[in-house]
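A.B. asks: Just so it is clear, I am handing over protein_34.cif, which has mmCIF, N, CA and C atoms and all ligand atoms.
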data_my_file
loop_
_atom_site.label_atom_id
_atom_site.label_comp_id
_atom_site.auth_asym_id
_atom_site.auth_seq_id
_atom_site.Cartn_x
_atom_site.Cartn_y
_atom_site.Cartn_z
N MET A 1 -85.98 -7.75 -6.89
CA MET A 1 -85.63 -6.32 -6.94
C MET A 1 -85.59 -5.78 -5.51
N ALA A 2 -84.53 -5.11 -5.22
CA ALA A 2 -84.39 -4.58 -3.87
C ALA A 2 -83.38 -3.45 -3.87
N ILE A 3 -83.54 -2.58 -2.90
CA ILE A 3 -82.58 -1.50 -2.73
C ILE A 3 -81.50 -1.96 -1.76
N ARG A 4 -80.26 -1.86 -2.19
CA ARG A 4 -79.15 -2.28 -1.34
C ARG A 4 -78.52 -1.06 -0.67
N LYS A 5 -77.80 -1.34 0.40
CA LYS A 5 -77.15 -0.27 1.16
C LYS A 5 -75.94 0.24 0.39
N ILE A 6 -75.84 1.55 0.24
CA ILE A 6 -74.69 2.14 -0.46
C ILE A 6 -73.55 2.37 0.53
N ARG A 7 -72.40 1.79 0.19
CA ARG A 7 -71.21 1.96 1.03
C ARG A 7 -70.65 3.38 0.84
N VAL A 8 -70.19 3.96 1.93
CA VAL A 8 -69.68 5.32 1.84
C VAL A 8 -68.17 5.38 2.09
N ASN A 9 -67.59 6.48 1.59
CA ASN A 9 -66.16 6.72 1.69
C ASN A 9 -65.64 6.40 3.09
N GLY A 10 -64.55 5.67 3.16
CA GLY A 10 -64.03 5.21 4.44
C GLY A 10 -64.21 3.71 4.56
N ASP A 11 -65.22 3.18 3.87
CA ASP A 11 -65.44 1.73 3.82
C ASP A 11 -64.36 1.15 2.89
N GLU A 12 -63.56 0.23 3.42
CA GLU A 12 -62.40 -0.22 2.64
C GLU A 12 -62.77 -1.01 1.38
N ILE A 13 -64.02 -1.50 1.32
CA ILE A 13 -64.44 -2.24 0.12
C ILE A 13 -64.38 -1.35 -1.13
N LEU A 14 -64.55 -0.03 -0.93
CA LEU A 14 -64.50 0.91 -2.07
C LEU A 14 -63.10 1.04 -2.65
N ARG A 15 -62.11 0.56 -1.92
CA ARG A 15 -60.72 0.70 -2.35
C ARG A 15 -60.15 -0.59 -2.92
N LYS A 16 -60.98 -1.62 -3.00
CA LYS A 16 -60.50 -2.91 -3.50
C LYS A 16 -60.73 -3.05 -5.00
N LYS A 17 -59.90 -3.90 -5.61
CA LYS A 17 -60.04 -4.18 -7.03
C LYS A 17 -61.09 -5.28 -7.21
N CYS A 18 -62.00 -5.08 -8.13
CA CYS A 18 -63.09 -6.04 -8.33
C CYS A 18 -62.66 -7.16 -9.28
N LYS A 19 -63.30 -8.31 -9.09
CA LYS A 19 -63.01 -9.47 -9.93
C LYS A 19 -63.91 -9.49 -11.17
N GLU A 20 -63.34 -10.01 -12.24
CA GLU A 20 -64.09 -10.17 -13.47
C GLU A 20 -65.24 -11.17 -13.25
N VAL A 21 -66.35 -10.93 -13.93
CA VAL A 21 -67.46 -11.88 -13.87
C VAL A 21 -67.17 -12.99 -14.88
N LYS A 22 -67.05 -14.22 -14.38
CA LYS A 22 -66.70 -15.35 -15.25
C LYS A 22 -67.95 -15.97 -15.87
N GLU A 23 -69.04 -15.90 -15.12
CA GLU A 23 -70.27 -16.53 -15.59
C GLU A 23 -71.45 -15.67 -15.14
N ILE A 24 -72.38 -15.44 -16.04
CA ILE A 24 -73.53 -14.60 -15.68
C ILE A 24 -74.60 -15.48 -15.05
N THR A 25 -74.53 -15.56 -13.75
CA THR A 25 -75.41 -16.41 -12.96
C THR A 25 -76.67 -15.61 -12.57
N PRO A 26 -77.70 -16.30 -12.04
CA PRO A 26 -78.88 -15.57 -11.55
C PRO A 26 -78.51 -14.51 -10.51
N SER A 27 -77.49 -14.75 -9.72
CA SER A 27 -77.14 -13.75 -8.71
C SER A 27 -76.54 -12.48 -9.35
N ILE A 28 -75.90 -12.63 -10.50
CA ILE A 28 -75.41 -11.44 -11.22
C ILE A 28 -76.61 -10.66 -11.78
N LEU A 29 -77.61 -11.36 -12.28
CA LEU A 29 -78.80 -10.68 -12.81
C LEU A 29 -79.56 -9.95 -11.69
N THR A 30 -79.64 -10.59 -10.54
CA THR A 30 -80.27 -9.94 -9.38
C THR A 30 -79.47 -8.72 -8.96
N LEU A 31 -78.15 -8.87 -9.01
CA LEU A 31 -77.27 -7.74 -8.66
C LEU A 31 -77.55 -6.56 -9.60
N LEU A 32 -77.63 -6.82 -10.90
CA LEU A 32 -77.92 -5.75 -11.87
C LEU A 32 -79.26 -5.08 -11.56
N ASP A 33 -80.27 -5.88 -11.28
CA ASP A 33 -81.60 -5.33 -10.97
C ASP A 33 -81.55 -4.49 -9.69
N ASP A 34 -80.91 -5.02 -8.69
CA ASP A 34 -80.83 -4.31 -7.41
C ASP A 34 -80.01 -3.02 -7.53
N MET A 35 -78.94 -3.09 -8.33
CA MET A 35 -78.12 -1.89 -8.52
C MET A 35 -78.92 -0.80 -9.22
N ALA A 36 -79.74 -1.17 -10.20
CA ALA A 36 -80.59 -0.17 -10.87
C ALA A 36 -81.57 0.44 -9.87
N ASP A 37 -82.23 -0.42 -9.09
CA ASP A 37 -83.17 0.09 -8.07
C ASP A 37 -82.48 1.04 -7.11
N THR A 38 -81.29 0.66 -6.70
CA THR A 38 -80.54 1.44 -5.71
C THR A 38 -80.12 2.78 -6.30
N MET A 39 -79.66 2.75 -7.55
CA MET A 39 -79.25 3.98 -8.23
C MET A 39 -80.43 4.94 -8.40
N TYR A 40 -81.56 4.42 -8.87
CA TYR A 40 -82.74 5.29 -9.08
C TYR A 40 -83.26 5.83 -7.75
N ASP A 41 -83.26 4.99 -6.74
CA ASP A 41 -83.73 5.41 -5.42
C ASP A 41 -82.88 6.57 -4.87
N ALA A 42 -81.58 6.54 -5.20
CA ALA A 42 -80.66 7.56 -4.69
C ALA A 42 -80.50 8.72 -5.67
N ASN A 43 -81.27 8.71 -6.78
CA ASN A 43 -81.17 9.74 -7.80
C ASN A 43 -79.76 9.88 -8.37
N GLY A 44 -79.09 8.74 -8.53
CA GLY A 44 -77.75 8.77 -9.12
C GLY A 44 -77.81 8.53 -10.61
N VAL A 45 -76.69 8.81 -11.30
CA VAL A 45 -76.62 8.54 -12.74
C VAL A 45 -75.76 7.30 -13.02
N GLY A 46 -75.19 6.73 -11.97
CA GLY A 46 -74.38 5.54 -12.15
C GLY A 46 -74.10 4.88 -10.81
N LEU A 47 -73.81 3.58 -10.89
CA LEU A 47 -73.48 2.85 -9.67
C LEU A 47 -72.61 1.65 -10.06
N ALA A 48 -71.58 1.42 -9.26
CA ALA A 48 -70.70 0.28 -9.49
C ALA A 48 -70.87 -0.72 -8.34
N ALA A 49 -70.68 -2.00 -8.65
CA ALA A 49 -70.97 -3.06 -7.67
C ALA A 49 -70.28 -2.87 -6.30
N PRO A 50 -69.01 -2.42 -6.26
CA PRO A 50 -68.40 -2.26 -4.93
C PRO A 50 -69.16 -1.26 -4.05
N GLN A 51 -69.90 -0.34 -4.68
CA GLN A 51 -70.68 0.63 -3.90
C GLN A 51 -71.82 -0.03 -3.13
N VAL A 52 -72.20 -1.24 -3.56
CA VAL A 52 -73.17 -1.99 -2.77
C VAL A 52 -72.50 -3.21 -2.13
N GLY A 53 -71.17 -3.15 -2.03
CA GLY A 53 -70.44 -4.16 -1.27
C GLY A 53 -70.12 -5.44 -2.02
N VAL A 54 -70.19 -5.40 -3.36
CA VAL A 54 -69.92 -6.60 -4.16
C VAL A 54 -68.69 -6.34 -5.03
N LEU A 55 -67.66 -7.16 -4.86
CA LEU A 55 -66.40 -6.93 -5.57
C LEU A 55 -66.40 -7.64 -6.92
N LYS A 56 -67.32 -7.23 -7.76
CA LYS A 56 -67.43 -7.78 -9.11
C LYS A 56 -67.47 -6.62 -10.11
N ARG A 57 -66.99 -6.91 -11.34
CA ARG A 57 -66.90 -5.84 -12.35
C ARG A 57 -68.25 -5.66 -13.05
N VAL A 58 -69.14 -4.98 -12.34
CA VAL A 58 -70.51 -4.74 -12.80
C VAL A 58 -70.86 -3.28 -12.54
N VAL A 59 -71.45 -2.65 -13.57
CA VAL A 59 -71.77 -1.22 -13.50
C VAL A 59 -73.16 -0.98 -14.09
N VAL A 60 -73.91 -0.06 -13.52
CA VAL A 60 -75.13 0.43 -14.18
C VAL A 60 -75.01 1.95 -14.31
N ILE A 61 -75.53 2.45 -15.42
CA ILE A 61 -75.51 3.90 -15.70
C ILE A 61 -76.85 4.28 -16.30
N ASP A 62 -77.38 5.41 -15.88
CA ASP A 62 -78.52 6.01 -16.59
C ASP A 62 -78.40 7.52 -16.47
N ILE A 63 -77.99 8.14 -17.58
CA ILE A 63 -77.84 9.61 -17.55
C ILE A 63 -79.13 10.28 -18.01
N GLY A 64 -80.22 9.50 -18.00
CA GLY A 64 -81.51 10.05 -18.43
C GLY A 64 -81.92 9.53 -19.79
N GLU A 65 -81.14 8.59 -20.31
CA GLU A 65 -81.42 8.03 -21.64
C GLU A 65 -81.71 6.54 -21.57
N GLY A 66 -82.00 6.04 -20.37
CA GLY A 66 -82.28 4.62 -20.21
C GLY A 66 -81.11 3.90 -19.56
N ILE A 67 -81.43 2.73 -19.03
CA ILE A 67 -80.43 1.98 -18.27
C ILE A 67 -79.38 1.36 -19.20
N VAL A 68 -78.13 1.47 -18.79
CA VAL A 68 -77.03 0.80 -19.47
C VAL A 68 -76.37 -0.11 -18.44
N GLU A 69 -76.37 -1.40 -18.73
CA GLU A 69 -75.79 -2.39 -17.82
C GLU A 69 -74.49 -2.89 -18.43
N LEU A 70 -73.42 -2.86 -17.67
CA LEU A 70 -72.11 -3.25 -18.17
C LEU A 70 -71.49 -4.29 -17.26
N ILE A 71 -71.14 -5.42 -17.85
CA ILE A 71 -70.43 -6.47 -17.12
C ILE A 71 -69.01 -6.53 -17.70
N ASN A 72 -68.02 -6.51 -16.83
CA ASN A 72 -66.60 -6.50 -17.23
C ASN A 72 -66.27 -5.37 -18.21
N PRO A 73 -66.69 -4.14 -17.93
CA PRO A 73 -66.40 -3.05 -18.87
C PRO A 73 -64.91 -2.73 -18.94
N VAL A 74 -64.45 -2.46 -20.17
CA VAL A 74 -63.06 -2.05 -20.39
C VAL A 74 -63.09 -0.84 -21.32
N ILE A 75 -62.39 0.21 -20.94
CA ILE A 75 -62.26 1.38 -21.81
C ILE A 75 -61.23 1.05 -22.87
N VAL A 76 -61.66 1.07 -24.13
CA VAL A 76 -60.76 0.69 -25.22
C VAL A 76 -60.32 1.89 -26.05
N GLU A 77 -60.96 3.02 -25.86
CA GLU A 77 -60.60 4.20 -26.61
C GLU A 77 -61.04 5.43 -25.83
N LYS A 78 -60.21 6.47 -25.85
CA LYS A 78 -60.63 7.75 -25.28
C LYS A 78 -59.95 8.89 -26.03
N ARG A 79 -60.65 10.01 -26.07
CA ARG A 79 -60.15 11.17 -26.81
C ARG A 79 -60.55 12.45 -26.08
N GLY A 80 -59.72 13.44 -26.25
CA GLY A 80 -60.07 14.77 -25.78
C GLY A 80 -60.04 14.91 -24.27
N SER A 81 -60.58 16.00 -23.80
CA SER A 81 -60.56 16.28 -22.38
C SER A 81 -61.69 17.24 -22.03
N GLN A 82 -62.24 17.05 -20.85
CA GLN A 82 -63.27 17.96 -20.32
C GLN A 82 -63.10 17.99 -18.81
N VAL A 83 -63.26 19.16 -18.25
CA VAL A 83 -63.18 19.30 -16.80
C VAL A 83 -64.57 19.66 -16.29
N CYS A 84 -65.15 18.76 -15.49
CA CYS A 84 -66.51 18.97 -14.98
C CYS A 84 -66.56 18.59 -13.51
N ALA A 85 -67.54 19.18 -12.83
CA ALA A 85 -67.77 18.83 -11.42
C ALA A 85 -68.43 17.45 -11.35
N GLU A 86 -67.93 16.61 -10.46
CA GLU A 86 -68.50 15.29 -10.25
C GLU A 86 -68.89 15.11 -8.80
N GLY A 87 -69.82 14.19 -8.60
CA GLY A 87 -70.17 13.75 -7.27
C GLY A 87 -70.25 12.24 -7.30
N CYS A 88 -70.52 11.65 -6.15
CA CYS A 88 -70.57 10.19 -6.06
C CYS A 88 -71.51 9.80 -4.93
N LEU A 89 -72.35 8.81 -5.17
CA LEU A 89 -73.29 8.37 -4.13
C LEU A 89 -72.56 7.86 -2.89
N SER A 90 -71.30 7.47 -3.05
CA SER A 90 -70.53 6.97 -1.91
C SER A 90 -69.81 8.09 -1.16
N ILE A 91 -69.90 9.32 -1.70
CA ILE A 91 -69.27 10.46 -1.02
C ILE A 91 -70.34 11.55 -0.93
N PRO A 92 -71.34 11.33 -0.07
CA PRO A 92 -72.50 12.23 -0.06
C PRO A 92 -72.12 13.68 0.23
N GLY A 93 -72.69 14.57 -0.57
CA GLY A 93 -72.52 16.00 -0.31
C GLY A 93 -71.29 16.63 -0.91
N ALA A 94 -70.35 15.82 -1.39
CA ALA A 94 -69.10 16.38 -1.90
C ALA A 94 -69.15 16.53 -3.42
N THR A 95 -68.42 17.52 -3.93
CA THR A 95 -68.22 17.65 -5.37
C THR A 95 -66.79 18.15 -5.61
N ALA A 96 -66.27 17.81 -6.78
CA ALA A 96 -64.97 18.33 -7.18
C ALA A 96 -64.86 18.22 -8.69
N GLU A 97 -64.02 19.05 -9.26
CA GLU A 97 -63.80 19.00 -10.70
C GLU A 97 -62.76 17.94 -11.03
N VAL A 98 -63.04 17.21 -12.11
CA VAL A 98 -62.15 16.15 -12.55
C VAL A 98 -61.92 16.30 -14.04
N ASP A 99 -60.69 16.03 -14.46
CA ASP A 99 -60.34 16.08 -15.89
C ASP A 99 -60.58 14.69 -16.47
N ARG A 100 -61.52 14.61 -17.39
CA ARG A 100 -61.87 13.32 -18.01
C ARG A 100 -61.78 13.44 -19.52
N PRO A 101 -61.70 12.31 -20.22
CA PRO A 101 -61.77 12.37 -21.68
C PRO A 101 -63.13 12.88 -22.13
N GLU A 102 -63.17 13.48 -23.31
CA GLU A 102 -64.43 14.00 -23.84
C GLU A 102 -65.21 12.90 -24.54
N TYR A 103 -64.48 11.89 -25.00
CA TYR A 103 -65.11 10.74 -25.69
C TYR A 103 -64.50 9.46 -25.14
N VAL A 104 -65.36 8.50 -24.88
CA VAL A 104 -64.89 7.21 -24.37
C VAL A 104 -65.64 6.09 -25.09
N LYS A 105 -64.91 5.03 -25.39
CA LYS A 105 -65.52 3.82 -25.96
C LYS A 105 -65.23 2.66 -25.02
N VAL A 106 -66.28 1.93 -24.68
CA VAL A 106 -66.16 0.83 -23.71
C VAL A 106 -66.66 -0.46 -24.35
N GLU A 107 -65.94 -1.53 -24.09
CA GLU A 107 -66.43 -2.86 -24.44
C GLU A 107 -66.83 -3.57 -23.17
N ALA A 108 -67.92 -4.32 -23.24
CA ALA A 108 -68.42 -5.01 -22.05
C ALA A 108 -69.31 -6.16 -22.50
N LEU A 109 -69.87 -6.84 -21.52
CA LEU A 109 -70.90 -7.84 -21.81
C LEU A 109 -72.22 -7.29 -21.30
N ASN A 110 -73.30 -7.66 -22.00
CA ASN A 110 -74.61 -7.34 -21.45
C ASN A 110 -75.13 -8.52 -20.61
N ARG A 111 -76.35 -8.41 -20.10
CA ARG A 111 -76.84 -9.44 -19.19
C ARG A 111 -77.06 -10.79 -19.88
N ASN A 112 -77.06 -10.79 -21.22
CA ASN A 112 -77.17 -12.06 -21.95
C ASN A 112 -75.80 -12.65 -22.30
N GLY A 113 -74.75 -11.98 -21.83
CA GLY A 113 -73.41 -12.47 -22.10
C GLY A 113 -72.91 -12.10 -23.48
N GLU A 114 -73.61 -11.18 -24.15
CA GLU A 114 -73.20 -10.73 -25.47
C GLU A 114 -72.26 -9.54 -25.36
N LYS A 115 -71.26 -9.53 -26.24
CA LYS A 115 -70.31 -8.43 -26.25
C LYS A 115 -70.99 -7.17 -26.79
N ILE A 116 -70.86 -6.07 -26.06
CA ILE A 116 -71.45 -4.81 -26.52
C ILE A 116 -70.39 -3.72 -26.51
N VAL A 117 -70.64 -2.71 -27.33
CA VAL A 117 -69.77 -1.53 -27.37
C VAL A 117 -70.63 -0.33 -27.01
N VAL A 118 -70.16 0.44 -26.05
CA VAL A 118 -70.90 1.63 -25.63
C VAL A 118 -69.97 2.82 -25.80
N GLU A 119 -70.46 3.83 -26.52
CA GLU A 119 -69.69 5.05 -26.70
C GLU A 119 -70.37 6.19 -25.95
N GLY A 120 -69.59 7.10 -25.45
CA GLY A 120 -70.19 8.24 -24.77
C GLY A 120 -69.36 9.48 -24.91
N THR A 121 -70.06 10.62 -24.94
CA THR A 121 -69.40 11.92 -24.85
C THR A 121 -70.03 12.66 -23.68
N GLU A 122 -69.44 13.81 -23.34
CA GLU A 122 -69.97 14.65 -22.27
C GLU A 122 -70.27 13.84 -21.01
N LEU A 123 -71.51 13.93 -20.47
CA LEU A 123 -71.83 13.26 -19.21
C LEU A 123 -71.65 11.75 -19.29
N MET A 124 -71.99 11.15 -20.42
CA MET A 124 -71.86 9.70 -20.55
C MET A 124 -70.40 9.27 -20.48
N ALA A 125 -69.52 10.05 -21.08
CA ALA A 125 -68.09 9.74 -21.02
C ALA A 125 -67.60 9.81 -19.57
N ILE A 126 -68.07 10.83 -18.86
CA ILE A 126 -67.68 10.98 -17.45
C ILE A 126 -68.18 9.78 -16.64
N ALA A 127 -69.45 9.42 -16.86
CA ALA A 127 -70.03 8.31 -16.09
C ALA A 127 -69.29 7.01 -16.38
N LEU A 128 -68.96 6.76 -17.63
CA LEU A 128 -68.24 5.53 -17.98
C LEU A 128 -66.88 5.48 -17.28
N CYS A 129 -66.18 6.61 -17.25
CA CYS A 129 -64.87 6.66 -16.59
C CYS A 129 -65.02 6.52 -15.07
N HIS A 130 -65.94 7.28 -14.51
CA HIS A 130 -66.16 7.29 -13.06
C HIS A 130 -66.51 5.88 -12.55
N GLU A 131 -67.43 5.22 -13.25
CA GLU A 131 -67.89 3.91 -12.78
C GLU A 131 -66.84 2.82 -12.99
N THR A 132 -66.12 2.86 -14.13
CA THR A 132 -65.09 1.82 -14.32
C THR A 132 -63.94 2.05 -13.33
N ASP A 133 -63.66 3.29 -12.98
CA ASP A 133 -62.65 3.57 -11.94
C ASP A 133 -63.02 2.87 -10.63
N HIS A 134 -64.31 2.90 -10.27
CA HIS A 134 -64.75 2.25 -9.03
C HIS A 134 -64.33 0.78 -8.98
N LEU A 135 -64.30 0.13 -10.15
CA LEU A 135 -63.99 -1.30 -10.19
C LEU A 135 -62.53 -1.57 -9.86
N ASP A 136 -61.72 -0.51 -9.92
CA ASP A 136 -60.31 -0.65 -9.55
C ASP A 136 -60.00 0.08 -8.24
N GLY A 137 -61.04 0.39 -7.49
CA GLY A 137 -60.84 1.01 -6.18
C GLY A 137 -60.48 2.48 -6.24
N ILE A 138 -60.76 3.11 -7.40
CA ILE A 138 -60.40 4.52 -7.58
C ILE A 138 -61.65 5.38 -7.41
N LEU A 139 -61.56 6.43 -6.62
CA LEU A 139 -62.66 7.37 -6.43
C LEU A 139 -62.31 8.68 -7.13
N TYR A 140 -63.35 9.42 -7.53
CA TYR A 140 -63.10 10.65 -8.29
C TYR A 140 -62.28 11.66 -7.50
N ILE A 141 -62.40 11.60 -6.16
CA ILE A 141 -61.64 12.57 -5.34
C ILE A 141 -60.13 12.35 -5.48
N ASP A 142 -59.73 11.15 -5.90
CA ASP A 142 -58.31 10.88 -6.14
C ASP A 142 -57.79 11.68 -7.32
N LYS A 143 -58.71 12.05 -8.22
CA LYS A 143 -58.33 12.68 -9.48
C LYS A 143 -58.76 14.14 -9.53
N ALA A 144 -59.25 14.66 -8.43
CA ALA A 144 -59.77 16.03 -8.41
C ALA A 144 -58.68 17.01 -8.84
N VAL A 145 -59.06 17.94 -9.71
CA VAL A 145 -58.08 18.93 -10.17
C VAL A 145 -58.09 20.18 -9.29
N GLY A 146 -59.16 20.40 -8.60
CA GLY A 146 -59.22 21.56 -7.70
C GLY A 146 -59.58 21.12 -6.29
N GLU A 147 -60.18 22.03 -5.59
CA GLU A 147 -60.58 21.78 -4.22
C GLU A 147 -61.77 20.81 -4.19
N ILE A 148 -61.81 19.95 -3.20
CA ILE A 148 -62.98 19.09 -3.02
C ILE A 148 -63.93 19.79 -2.05
N GLU A 149 -65.11 20.13 -2.56
CA GLU A 149 -66.07 20.84 -1.71
C GLU A 149 -66.99 19.87 -1.01
N GLY A 150 -67.26 20.15 0.25
CA GLY A 150 -68.26 19.38 0.98
C GLY A 150 -67.75 18.10 1.60
N LEU A 151 -66.44 17.84 1.50
CA LEU A 151 -65.90 16.59 2.05
C LEU A 151 -65.60 16.76 3.55
ZN ZN A 201 -69.03 7.00 -7.68
#
Go through the file and emit its structure as structure tokens.

C.D. replies:
Amino acid sequence: MAIRKIRVNGDEILRKKCKEVKEITPSILTLLDDMADTMYDANGVGLAAPQVGVLKRVVVIDIGEGIVELINPVIVEKRGSQVCAEGCLSIPGATAEVDRPEYVKVEALNRNGEKIVVEGTELMAIALCHETDHLDGILYIDKAVGEIEGL
């Protein structure tokens, strides 16, 4: 368990597309543990692997309801719309409103390699969208509907 350095906007690794995890090796499990430590240390509600410099499709989320670990997450369903202010640990101090689905369903693998389905509304839906976007090099500021404050 260790806290890793969070990459910040301008670091080109944040703009790269991440590779699918083919095999859940000990280093993937360590990555999940370290990402959770890093997220909690930074008081974030989510973290994607490229934010700690690893180009793999791995995400952790905790909106206050416990840790959710997602390997190779794919959004398979979304409904509705909500516009909320978002921030990102990789863009310190900035916030902007983003239009996201109100409901999202994600399929992924857990750390045991089992297929899981995670559904979310409100903040969880936003976190699922925000974090899976990171895996494709997309930052929330790309989707801001209004002014980006603090950038
Ligand atoms: Zn982010």

A.B. asks: With a distance cut-off of 12 Å and only C-alpha atoms, select the neighbouring residues of region 61-65 of chain A, excluding the residue or stretch itself and same-chain residues fewer than 5 positions from it, and output the selection as a ChimeraX atom specification.

C.D. replies: /A:32,35-40,43-49,70-71,73,118,120-132

A.B. asks: Between atom C of Val59 (chain A) and atom C of Val8 (chain A), what is the spacing in Å?

C.D. replies: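 Going from atom C of Val8 (chain A) over to atom C of Val59 (chain A), I get 18.1 Å.
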
A.B. asks: If you take only C-alpha atoms and all ligand atoms and a cut-off of 6 Å, which residues of chain A touch ligand ZN 201 (chain A), and what are their nearest atom pairs and distances in Å to one decimal, in chain and number order, as a Markdown table?

C.D. replies:
| residue | atom | partner | partner_atom | distance |
| --- | --- | --- | --- | --- |
| A:Cys88 | CA | A:ZN201 | ZN | 3.9 |
| A:Leu89 | CA | A:ZN201 | ZN | 5.7 |
| A:Ser90 | CA | A:ZN201 | ZN | 6.0 |

A.B. asks: Which is closest to Glu12 (chain A) among A:Asp133, A:Glu97, A:Val117, A:Val54, if we use only C-alpha atoms?

C.D. replies: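 Smallest separation from Glu12 (chain A) among the options: A:Val54.
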
A.B. asks: Would you return as an MDAnalysis selection string the members of chain A that DSSP assigns to strand (DSSP E) on this structure's backbone?

C.D. replies: chainID A and resid 46:48 58:61 68:79 82:86 96:100 103:109 115:121

A.B. asks: For CA of Leu14 (chain A) and CA of Ile67 (chain A), quote the distance in Å rounded to one decimal.

C.D. replies: 22.7 Å

A.B. asks: Could you tell me how far CA of Asp142 (chain A) sits from CA of Glu102 (chain A), in Å to one decimal place?

C.D. replies: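 These two atoms are separated by 19.0 Å.
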
A.B. asks: For a quick check of understanding, using only N, CA and C atoms, which of A:Lys105, A:Arg79, A:Arg111, A:Arg4 has the smallest distance to Ile24 (chain A)?

C.D. replies: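 Selected residue with least distance to Ile24 (chain A): A:Arg111.
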
A.B. asks: When distances are computed from only C-alpha atoms, which of A:Pro101, A:Ala2, A:Ile28, A:Val145 shows the smallest separation from Gly80 (chain A)?

C.D. replies: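 The shortest atom-to-atom distance to Gly80 (chain A) comes from A:Pro101.
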
A.B. asks: Could you check the closest approach to Glu147 (chain A) for each of A:Asp33, A:Asp41, A:Ala85, A:Thr95 and tell me which residue wins, using all atoms listed in the file?

C.D. replies: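 For Glu147 (chain A), the nearest of the candidates is A:Thr95.
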
A.B. asks: May I ask which of the residues A:Glu119, A:Asp11, A:Lys16, A:Val52 is the closest one to Leu31 (chain A), counting only C-alpha atoms?

C.D. replies: A:Val52

A.B. asks: Write out as a PyMOL selection string which residues come within 5 Å of Arg100 (chain A) when counting only N, CA and C atoms, dropping same-chain ones fewer than 6 positions away.

C.D. replies: chain A and resi 81-83

A.B. asks: Which neighbours of region 17-22 of chain A fall inside 7 Å, counting only N, CA and C atoms, when residues of the same chain fewer than 6 positions from it are skipped, and could you give them as a PyMOL selection string?

C.D. replies: chain A and resi 54-58+71-72+134-137

A.B. asks: Among chain A, which ones does DSSP assign to alpha helix (DSSP H) (computed from the backbone)? Answer as number ranges by chain.

C.D. replies: A: 26-41, 122-134

A.B. asks: Take the residues just selected and output them with N, CA and C atoms as a compact mmCIF listing (two decimals), keeping the file's coordinate frame.

C.D. replies:
# COMPACT_ATOMS: atom_id res chain seq x y z
N PRO A 26 -77.70 -16.30 -12.04
CA PRO A 26 -78.88 -15.57 -11.55
C PRO A 26 -78.51 -14.51 -10.51
N SER A 27 -77.49 -14.75 -9.72
CA SER A 27 -77.14 -13.75 -8.71
C SER A 27 -76.54 -12.48 -9.35
N ILE A 28 -75.90 -12.63 -10.50
CA ILE A 28 -75.41 -11.44 -11.22
C ILE A 28 -76.61 -10.66 -11.78
N LEU A 29 -77.61 -11.36 -12.28
CA LEU A 29 -78.80 -10.68 -12.81
C LEU A 29 -79.56 -9.95 -11.69
N THR A 30 -79.64 -10.59 -10.54
CA THR A 30 -80.27 -9.94 -9.38
C THR A 30 -79.47 -8.72 -8.96
N LEU A 31 -78.15 -8.87 -9.01
CA LEU A 31 -77.27 -7.74 -8.66
C LEU A 31 -77.55 -6.56 -9.60
N LEU A 32 -77.63 -6.82 -10.90
CA LEU A 32 -77.92 -5.75 -11.87
C LEU A 32 -79.26 -5.08 -11.56
N ASP A 33 -80.27 -5.88 -11.28
CA ASP A 33 -81.60 -5.33 -10.97
C ASP A 33 -81.55 -4.49 -9.69
N ASP A 34 -80.91 -5.02 -8.69
CA ASP A 34 -80.83 -4.31 -7.41
C ASP A 34 -80.01 -3.02 -7.53
N MET A 35 -78.94 -3.09 -8.33
CA MET A 35 -78.12 -1.89 -8.52
C MET A 35 -78.92 -0.80 -9.22
N ALA A 36 -79.74 -1.17 -10.20
CA ALA A 36 -80.59 -0.17 -10.87
C ALA A 36 -81.57 0.44 -9.87
N ASP A 37 -82.23 -0.42 -9.09
CA ASP A 37 -83.17 0.09 -8.07
C ASP A 37 -82.48 1.04 -7.11
N THR A 38 -81.29 0.66 -6.70
CA THR A 38 -80.54 1.44 -5.71
C THR A 38 -80.12 2.78 -6.30
N MET A 39 -79.66 2.75 -7.55
CA MET A 39 -79.25 3.98 -8.23
C MET A 39 -80.43 4.94 -8.40
N TYR A 40 -81.56 4.42 -8.87
CA TYR A 40 -82.74 5.29 -9.08
C TYR A 40 -83.26 5.83 -7.75
N ASP A 41 -83.26 4.99 -6.74
CA ASP A 41 -83.73 5.41 -5.42
C ASP A 41 -82.88 6.57 -4.87
N GLU A 122 -69.44 13.81 -23.34
CA GLU A 122 -69.97 14.65 -22.27
C GLU A 122 -70.27 13.84 -21.01
N LEU A 123 -71.51 13.93 -20.47
CA LEU A 123 -71.83 13.26 -19.21
C LEU A 123 -71.65 11.75 -19.29
N MET A 124 -71.99 11.15 -20.42
CA MET A 124 -71.86 9.70 -20.55
C MET A 124 -70.40 9.27 -20.48
N ALA A 125 -69.52 10.05 -21.08
CA ALA A 125 -68.09 9.74 -21.02
C ALA A 125 -67.60 9.81 -19.57
N ILE A 126 -68.07 10.83 -18.86
CA ILE A 126 -67.68 10.98 -17.45
C ILE A 126 -68.18 9.78 -16.64
N ALA A 127 -69.45 9.42 -16.86
CA ALA A 127 -70.03 8.31 -16.09
C ALA A 127 -69.29 7.01 -16.38
N LEU A 128 -68.96 6.76 -17.63
CA LEU A 128 -68.24 5.53 -17.98
C LEU A 128 -66.88 5.48 -17.28
N CYS A 129 -66.18 6.61 -17.25
CA CYS A 129 -64.87 6.66 -16.59
C CYS A 129 -65.02 6.52 -15.07
N HIS A 130 -65.94 7.28 -14.51
CA HIS A 130 -66.16 7.29 -13.06
C HIS A 130 -66.51 5.88 -12.55
N GLU A 131 -67.43 5.22 -13.25
CA GLU A 131 -67.89 3.91 -12.78
C GLU A 131 -66.84 2.82 -12.99
N THR A 132 -66.12 2.86 -14.13
CA THR A 132 -65.09 1.82 -14.32
C THR A 132 -63.94 2.05 -13.33
N ASP A 133 -63.66 3.29 -12.98
CA ASP A 133 -62.65 3.57 -11.94
C ASP A 133 -63.02 2.87 -10.63
N HIS A 134 -64.31 2.90 -10.27
CA HIS A 134 -64.75 2.25 -9.03
C HIS A 134 -64.33 0.78 -8.98
